[in-house]
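Peer 1: Following this message is one structure expressed as structure tokens.
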Amino acid sequence: MSSKKETVHKKWSVLKERLGSQDSDQTEANLENAEPELCIRLLQIPSVVNYSGLKKRLESSDDSWMVQFLELCGLDLLLEALDRLSGRGVSRISDALLQLTCINCVRAVMNSQKGIEYIVSNEGYVRKLSQALDTSNIMVKKQVFELLAALCIYSFDGHVLALDALDHYKTVKNQQYRFSVIMNELSVTDNVPYMITLLSAINAVILGTEELRGRMQLRNEFIGLQFLDILSKLR
């Protein structure tokens, strides 16, 4: 066991050396064959280069690698980093890129079967994800709404967690209604792709429940927030 730790430590030292001497124009760290332990250590050095490399590694990982990454709190570290970056505005382009590459890693986790199962079976992750909406970065908010919509469609539990996350965000931000964040964004944006994402999210929230009565109730909540008026203006 100790020899394995030594091997990981040695590999980390080599990787850290390489990262330290990277060219400034390199776009991503080379983590093609990196073990989960090394990627976890890498998350302690937040940078666009490191997140981009991690995203690529996550996308190419098999189930056992992903499970190990999750058990080592990889998703926790990503969401904590995203939370630190959110809520403080985006004054620099570098901060905006850091946010975006970080949420891309979260998306890569959720795009895997093991990843989305893990998120749905562990309360709290979706709430943490929703807190990333507290940003002026439209690209980040777009991704968060897409992920919440995916959860709504994925399963009954996913739908429940997505609604709970919106409720949580409402409480944290002292808003009156759980769908205020969606409707507020829809009423002020002139970004067409973002607009489409918001409309898709509304659709997913409504269709995510199989019961007709439940769908009508959700639909009426949106209508009560002037959805039809906003929709007519968008046309």
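If you're wondering about the labels, chains in the structure tokens are A, B, ... by order shown, residues count from 1 in each chain, ligands from 1 in order shown.
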Can you list, as a CSV table (one decimal) with C-alpha atoms, in the first residue's frame, every protein, DNA or RNA residue that comes within 8 Å of A:Leu225 when you count only C-alpha atoms, leaving out same-chain residues fewer than 4 positions away?
Peer 2:
chain,number,residue,atom,x,y,z
A,180,SER,CA,-38.1,33.7,-10.4
A,183,MET,CA,-38.1,34.1,-15.5
A,221,GLU,CA,-46.6,28.7,-11.7
Peer 1: Can you list, as a CSV table (one decimal) with C-alpha atoms, in the first residue's frame, every protein, DNA or RNA residue that comes within 12 Å of A:Ala165 when you count only C-alpha atoms, leaving out same-chain residues fewer than 5 positions away?
Peer 2:
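In the end it all went to result-v1.csv:
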chain,number,residue,atom,x,y,z
A,123,GLU,CA,-28.4,15.0,-1.7
A,124,GLY,CA,-26.8,18.4,-1.8
A,125,TYR,CA,-24.9,18.3,-5.1
A,126,VAL,CA,-27.7,19.8,-7.1
A,127,ARG,CA,-28.1,22.6,-4.6
A,128,LYS,CA,-24.4,23.4,-4.9
A,129,LEU,CA,-24.8,23.4,-8.6
A,130,SER,CA,-27.7,25.8,-8.5
A,131,GLN,CA,-25.6,28.3,-6.5
A,132,ALA,CA,-23.4,28.8,-9.6
A,133,LEU,CA,-26.3,30.7,-11.1
A,144,VAL,CA,-26.2,25.2,-15.2
A,145,PHE,CA,-29.8,25.5,-16.6
A,147,LEU,CA,-27.8,20.5,-16.5
A,148,LEU,CA,-30.8,21.2,-14.3
A,149,ALA,CA,-33.0,20.5,-17.4
A,151,LEU,CA,-31.8,16.1,-14.4
A,152,CYS,CA,-35.5,16.9,-14.8
A,158,GLY,CA,-33.6,14.1,-10.7
A,159,HIS,CA,-36.7,16.2,-11.2
A,160,VAL,CA,-37.3,16.4,-7.5
A,170,LYS,CA,-34.9,31.2,-4.1
A,171,THR,CA,-34.3,31.0,-0.3
A,172,VAL,CA,-30.6,31.9,-0.5
A,178,ARG,CA,-38.7,29.2,-7.0
A,179,PHE,CA,-38.9,30.0,-10.8
A,181,VAL,CA,-34.4,33.0,-11.4
Peer 1: Could you tell me how far atom CA of A:Met66 lies from atom CA of A:Gly115, in Å and to one decimal?
Peer 2: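 About the pair atom CA of A:Met66 and atom CA of A:Gly115: they are 7.0 Å apart.
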Peer 1: Restricting the calculation to only C-alpha atoms: of A:Ala34, A:Leu70, A:Leu98, A:Val140, which residue gets closest to A:Ile116?
Peer 2: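 With only C-alpha atoms as the atom set, the closest residue is A:Leu70.
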Peer 1: Would you mind telling me which residue in A:Asn33, A:Ser121, A:Asn137, A:Thr101 lies nearest to A:Asp62 when using only C-alpha atoms?
Peer 2: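 For A:Asp62, the nearest of the given residues is A:Asn33.
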Peer 1: Skip stretch 52-58 of chain A itself and residues of its chain fewer than 2 positions away, then list as a list in words all residues within 9 Å of it, counting only C-alpha atoms.
Peer 2: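 With the cut-off at 9 Å, the set is Thr27, Glu28, Ala29, Asn30, Leu31, Glu32, Asn33, Ala34, Cys39, Leu42, Leu43, Ser47, Val48, Val49, Asn50, Ser60, Ser61, Asp62, Trp65, Met66, Thr101, Cys102, Asn104, Cys105, Val106, Arg107, Ala108, Val109 and Ser112 of chain A.
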Peer 1: So which residues of stretch 48-149 of chain A fall under alpha helix (DSSP H) by DSSP, listed as number ranges by chain?
Peer 2: A: 48-60, 63-71, 74-85, 93-110, 113-121, 125-130, 138-149
Peer 1: Which polymer residues have any atom within 9 Å of an atom of A:Leu77, counting only C-alpha atoms, with same-chain residues fewer than 5 positions away left out, as a tab-separated table (two decimals) with N, CA and C atoms, in the first residue's frame?
Peer 2:
chain	number	residue	atom	x	y	z
A	40	ILE	N	-7.18	14.61	-8.71
A	40	ILE	CA	-7.66	15.23	-7.48
A	40	ILE	C	-6.65	16.25	-6.98
A	43	LEU	N	-6.72	19.40	-8.98
A	43	LEU	CA	-7.83	20.30	-8.69
A	43	LEU	C	-7.47	21.33	-7.62
A	44	GLN	N	-6.39	21.07	-6.90
A	44	GLN	CA	-5.94	22.02	-5.88
A	44	GLN	C	-5.14	23.17	-6.49
A	82	LEU	N	-16.36	26.11	-8.04
A	82	LEU	CA	-17.38	26.87	-8.78
A	82	LEU	C	-18.09	27.85	-7.85
Peer 1: In terms of the shortest atom-to-atom distance over only C-alpha atoms, which of A:Glu37, A:Glu211, A:Glu185, A:Asp83 is closest to A:Phe69?
Peer 2: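 So, comparing all the options, the nearest one is A:Glu37.
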Peer 1: So, with only C-alpha atoms as the atoms that count, which of A:Tyr51, A:Glu146, A:Ile153, A:Gly74 lies closest to A:Glu210?
Peer 2: A:Ile153
Peer 1: Residues near stretch 232-235 of chain A, anyone? I mean within 12 Å using only C-alpha atoms, not counting same-chain ones fewer than 4 positions away, as a count of residues only.
Peer 2: 13
Peer 1: Restricting the calculation to only C-alpha atoms, which member of A:Ile182, A:Thr197, A:Glu59, A:Leu79 is positioned closest to A:Phe222?
Peer 2: A:Ile182
